[in-house]
>>> print(open('data-v4.cif').read())   # mmCIF, C-alpha atoms
data_coords
loop_
_atom_site.group_PDB
_atom_site.id
_atom_site.type_symbol
_atom_site.label_atom_id
_atom_site.label_comp_id
_atom_site.auth_asym_id
_atom_site.auth_seq_id
_atom_site.Cartn_x
_atom_site.Cartn_y
_atom_site.Cartn_z
ATOM 1 C CA MET B 414 194.311 -6.551 145.636
ATOM 2 C CA ILE B 415 192.298 -5.024 148.444
ATOM 3 C CA LEU B 416 194.428 -3.308 151.033
ATOM 4 C CA ALA B 417 193.333 -2.430 154.536
ATOM 5 C CA THR B 418 193.119 1.253 153.744
ATOM 6 C CA GLY B 419 190.267 3.694 154.155
ATOM 7 C CA HIS B 420 188.293 1.775 151.521
ATOM 8 C CA SER B 421 188.164 -1.462 153.470
ATOM 9 C CA SER B 422 188.437 -0.210 157.061
ATOM 10 C CA PRO B 423 184.648 0.061 157.551
ATOM 11 C CA THR B 424 184.288 -3.480 156.237
ATOM 12 C CA LEU B 425 186.978 -4.741 158.595
ATOM 13 C CA ALA B 426 185.271 -2.948 161.479
ATOM 14 C CA CYS B 427 182.159 -5.014 160.726
ATOM 15 C CA GLY B 428 184.137 -8.244 161.104
ATOM 16 C CA ALA B 429 185.324 -8.927 157.555
ATOM 17 C CA MET B 430 188.550 -10.813 156.934
ATOM 18 C CA LEU B 431 191.150 -10.133 154.236
ATOM 19 C CA GLU B 432 192.792 -13.020 152.410
ATOM 20 C CA HIS B 433 196.310 -12.868 151.070
ATOM 21 C CA CYS B 434 197.447 -15.654 148.754
ATOM 22 C CA PHE B 435 201.094 -16.561 148.238
ATOM 23 C CA TYR B 436 200.380 -16.923 144.521
ATOM 24 C CA THR B 437 199.923 -13.165 144.093
ATOM 25 C CA PRO B 438 203.356 -11.895 145.221
ATOM 26 C CA TYR B 439 205.082 -15.111 144.068
ATOM 27 C CA TYR B 440 204.051 -14.379 140.481
ATOM 28 C CA GLY B 441 204.621 -10.617 140.794
ATOM 29 C CA MET B 442 200.950 -9.633 140.726
ATOM 30 C CA CYS B 443 201.536 -7.472 143.808
ATOM 31 C CA SER B 444 204.552 -6.558 145.892
ATOM 32 C CA TRP B 445 205.568 -7.986 149.249
ATOM 33 C CA GLU B 446 205.414 -4.427 150.534
ATOM 34 C CA GLU B 447 201.680 -4.312 149.718
ATOM 35 C CA ILE B 448 201.092 -7.553 151.626
ATOM 36 C CA LEU B 449 203.104 -6.337 154.620
ATOM 37 C CA LYS B 450 201.387 -2.960 154.649
ATOM 38 C CA SER B 451 197.987 -4.623 154.605
ATOM 39 C CA ILE B 452 198.909 -6.957 157.461
ATOM 40 C CA CYS B 453 200.233 -4.074 159.531
ATOM 41 C CA GLN B 454 197.185 -1.928 158.875
ATOM 42 C CA ALA B 455 194.494 -4.573 159.333
ATOM 43 C CA GLY B 456 196.227 -6.592 162.049
ATOM 44 C CA ALA B 457 196.906 -10.312 162.076
ATOM 45 C CA GLU B 458 193.496 -11.034 163.612
ATOM 46 C CA ARG B 459 191.771 -9.808 160.410
ATOM 47 C CA ILE B 460 193.949 -11.669 157.854
ATOM 48 C CA LEU B 461 193.759 -15.170 156.343
ATOM 49 C CA LEU B 462 196.788 -16.532 154.508
ATOM 50 C CA SER B 463 196.525 -19.159 151.784
ATOM 51 C CA SER B 464 198.683 -20.481 148.967
ATOM 52 C CA ASP B 465 196.254 -20.498 146.005
ATOM 53 C CA LEU B 466 198.750 -22.900 144.446
ATOM 54 C CA GLY B 467 198.303 -26.325 142.918
ATOM 55 C CA GLN B 468 198.750 -25.479 139.246
ATOM 56 C CA LYS B 469 201.197 -27.648 137.283
ATOM 57 C CA LYS B 470 203.903 -24.984 137.086
ATOM 58 C CA SER B 471 203.468 -23.716 140.653
ATOM 59 C CA PRO B 472 205.137 -24.958 143.812
ATOM 60 C CA ASP B 473 203.340 -27.527 145.943
ATOM 61 C CA PRO B 474 200.750 -25.746 148.156
ATOM 62 C CA ALA B 475 202.435 -26.902 151.386
ATOM 63 C CA ASP B 476 205.817 -25.685 150.125
ATOM 64 C CA GLY B 477 204.199 -22.386 149.153
ATOM 65 C CA MET B 478 202.817 -21.913 152.659
ATOM 66 C CA GLU B 479 206.253 -22.623 154.118
ATOM 67 C CA MET B 480 207.821 -20.066 151.755
ATOM 68 C CA PHE B 481 205.045 -17.578 152.627
ATOM 69 C CA ALA B 482 205.686 -17.963 156.366
ATOM 70 C CA GLY B 483 209.437 -17.642 155.837
ATOM 71 C CA LYS B 484 209.126 -14.477 153.786
ATOM 72 C CA LEU B 485 206.780 -12.883 156.320
ATOM 73 C CA TYR B 486 209.071 -13.840 159.209
ATOM 74 C CA GLU B 487 212.117 -12.418 157.382
ATOM 75 C CA SER B 488 210.125 -9.213 156.888
ATOM 76 C CA GLY B 489 209.471 -8.767 160.604
ATOM 77 C CA ILE B 490 206.122 -10.507 161.100
ATOM 78 C CA SER B 491 206.281 -12.551 164.326
ATOM 79 C CA GLU B 492 205.751 -16.301 164.566
ATOM 80 C CA LYS B 493 202.700 -15.589 166.719
ATOM 81 C CA GLU B 494 201.168 -13.346 164.033
ATOM 82 C CA ILE B 495 201.935 -15.862 161.271
ATOM 83 C CA ARG B 496 200.289 -18.637 163.285
ATOM 84 C CA GLN B 497 197.287 -16.371 163.879
ATOM 85 C CA MET B 498 196.851 -15.785 160.140
ATOM 86 C CA MET B 499 197.604 -19.350 158.976
ATOM 87 C CA VAL B 500 196.031 -21.436 161.729
ATOM 88 C CA ARG B 501 193.846 -19.614 164.252
ATOM 89 C CA ASN B 502 191.878 -17.355 161.919
ATOM 90 C CA PRO B 503 190.918 -20.112 159.454
ATOM 91 C CA ARG B 504 190.050 -22.446 162.373
ATOM 92 C CA ASP B 505 187.909 -19.795 164.041
ATOM 93 C CA LEU B 506 186.197 -18.899 160.770
ATOM 94 C CA LEU B 507 185.321 -22.559 160.206
ATOM 95 C CA GLU B 508 184.484 -23.020 163.898
ATOM 96 C CA VAL B 509 186.557 -26.198 164.268
#
>>> encode(input="data-v4.cif", output="structure tokens")
Amino acid sequence: MILATGHSSPTLACGAMLEHCFYTPYYGMCSWEEILKSICQAGAERILLSSDLGQKKSPDPADGMEMFAGKLYESGISEKEIRQMMVRNPRDLLEV
């Protein structure tokens, strides 16, 4: 997982976005603390959130996004920031 640390800061400064998928912490491939640290360091305006779900044994993608938002909110990320990462950033990236 790429974190918004010194290694990716120059890339973020050039306009890059980081993607965090619910699949990764859900299946223990990274910690929630890593996700939260990255969001705090990069800022909500530089993050895209996705589910990366849809496999037979995984939750439904829509349910995964709801769980993702809930976990972030419980961890102190505001509704405004969650909406930025789940709705505004993808919309702006796709220019719709």
>>> atom_distance(input="data-v4.cif", atom1="CA of Glu447 in chain B", atom2="CA of Met430 in chain B")
16.3 Å
>>> residues_around(input="data-v4.cif", residues="Cys453 in chain B", least_positions_apart="5", cutoff="12 Å", atoms="all atoms listed in the file", output="ChimeraX atom specification")
/B:416-418,446-448,458-460,485,488-491,494
>>> residues_around(input="data-v4.cif", residues="Gln468 in chain B", least_positions_apart="5", cutoff="12 Å", atoms="all atoms listed in the file", output="MDAnalysis selection string")
chainID B and resid 436 473:474 477
>>> write_last_selection(input="data-v4.cif", atoms="C-alpha atoms", output="mmCIF file, keeping the file's coordinate frame")
data_model
loop_
_atom_site.group_PDB
_atom_site.id
_atom_site.type_symbol
_atom_site.label_atom_id
_atom_site.label_comp_id
_atom_site.auth_asym_id
_atom_site.auth_seq_id
_atom_site.Cartn_x
_atom_site.Cartn_y
_atom_site.Cartn_z
ATOM 1 C CA TYR B 436 200.380 -16.923 144.521
ATOM 2 C CA ASP B 473 203.340 -27.527 145.943
ATOM 3 C CA PRO B 474 200.750 -25.746 148.156
ATOM 4 C CA GLY B 477 204.199 -22.386 149.153
#
>>> resolve_selection(input="data-v4.cif", expression="the PyMOL selection byres ((chain B and resi 498-505) around 6)", output="number ranges by chain")
B: 457, 460-462, 495-497, 506-509
>>> atom_distance(input="data-v4.cif", atom1="CA of Trp445 in chain B", atom2="CA of Ala429 in chain B")
21.9 Å
>>> atom_distance(input="data-v4.cif", atom1="CA of Cys434 in chain B", atom2="CA of Ser464 in chain B")
5.0 Å
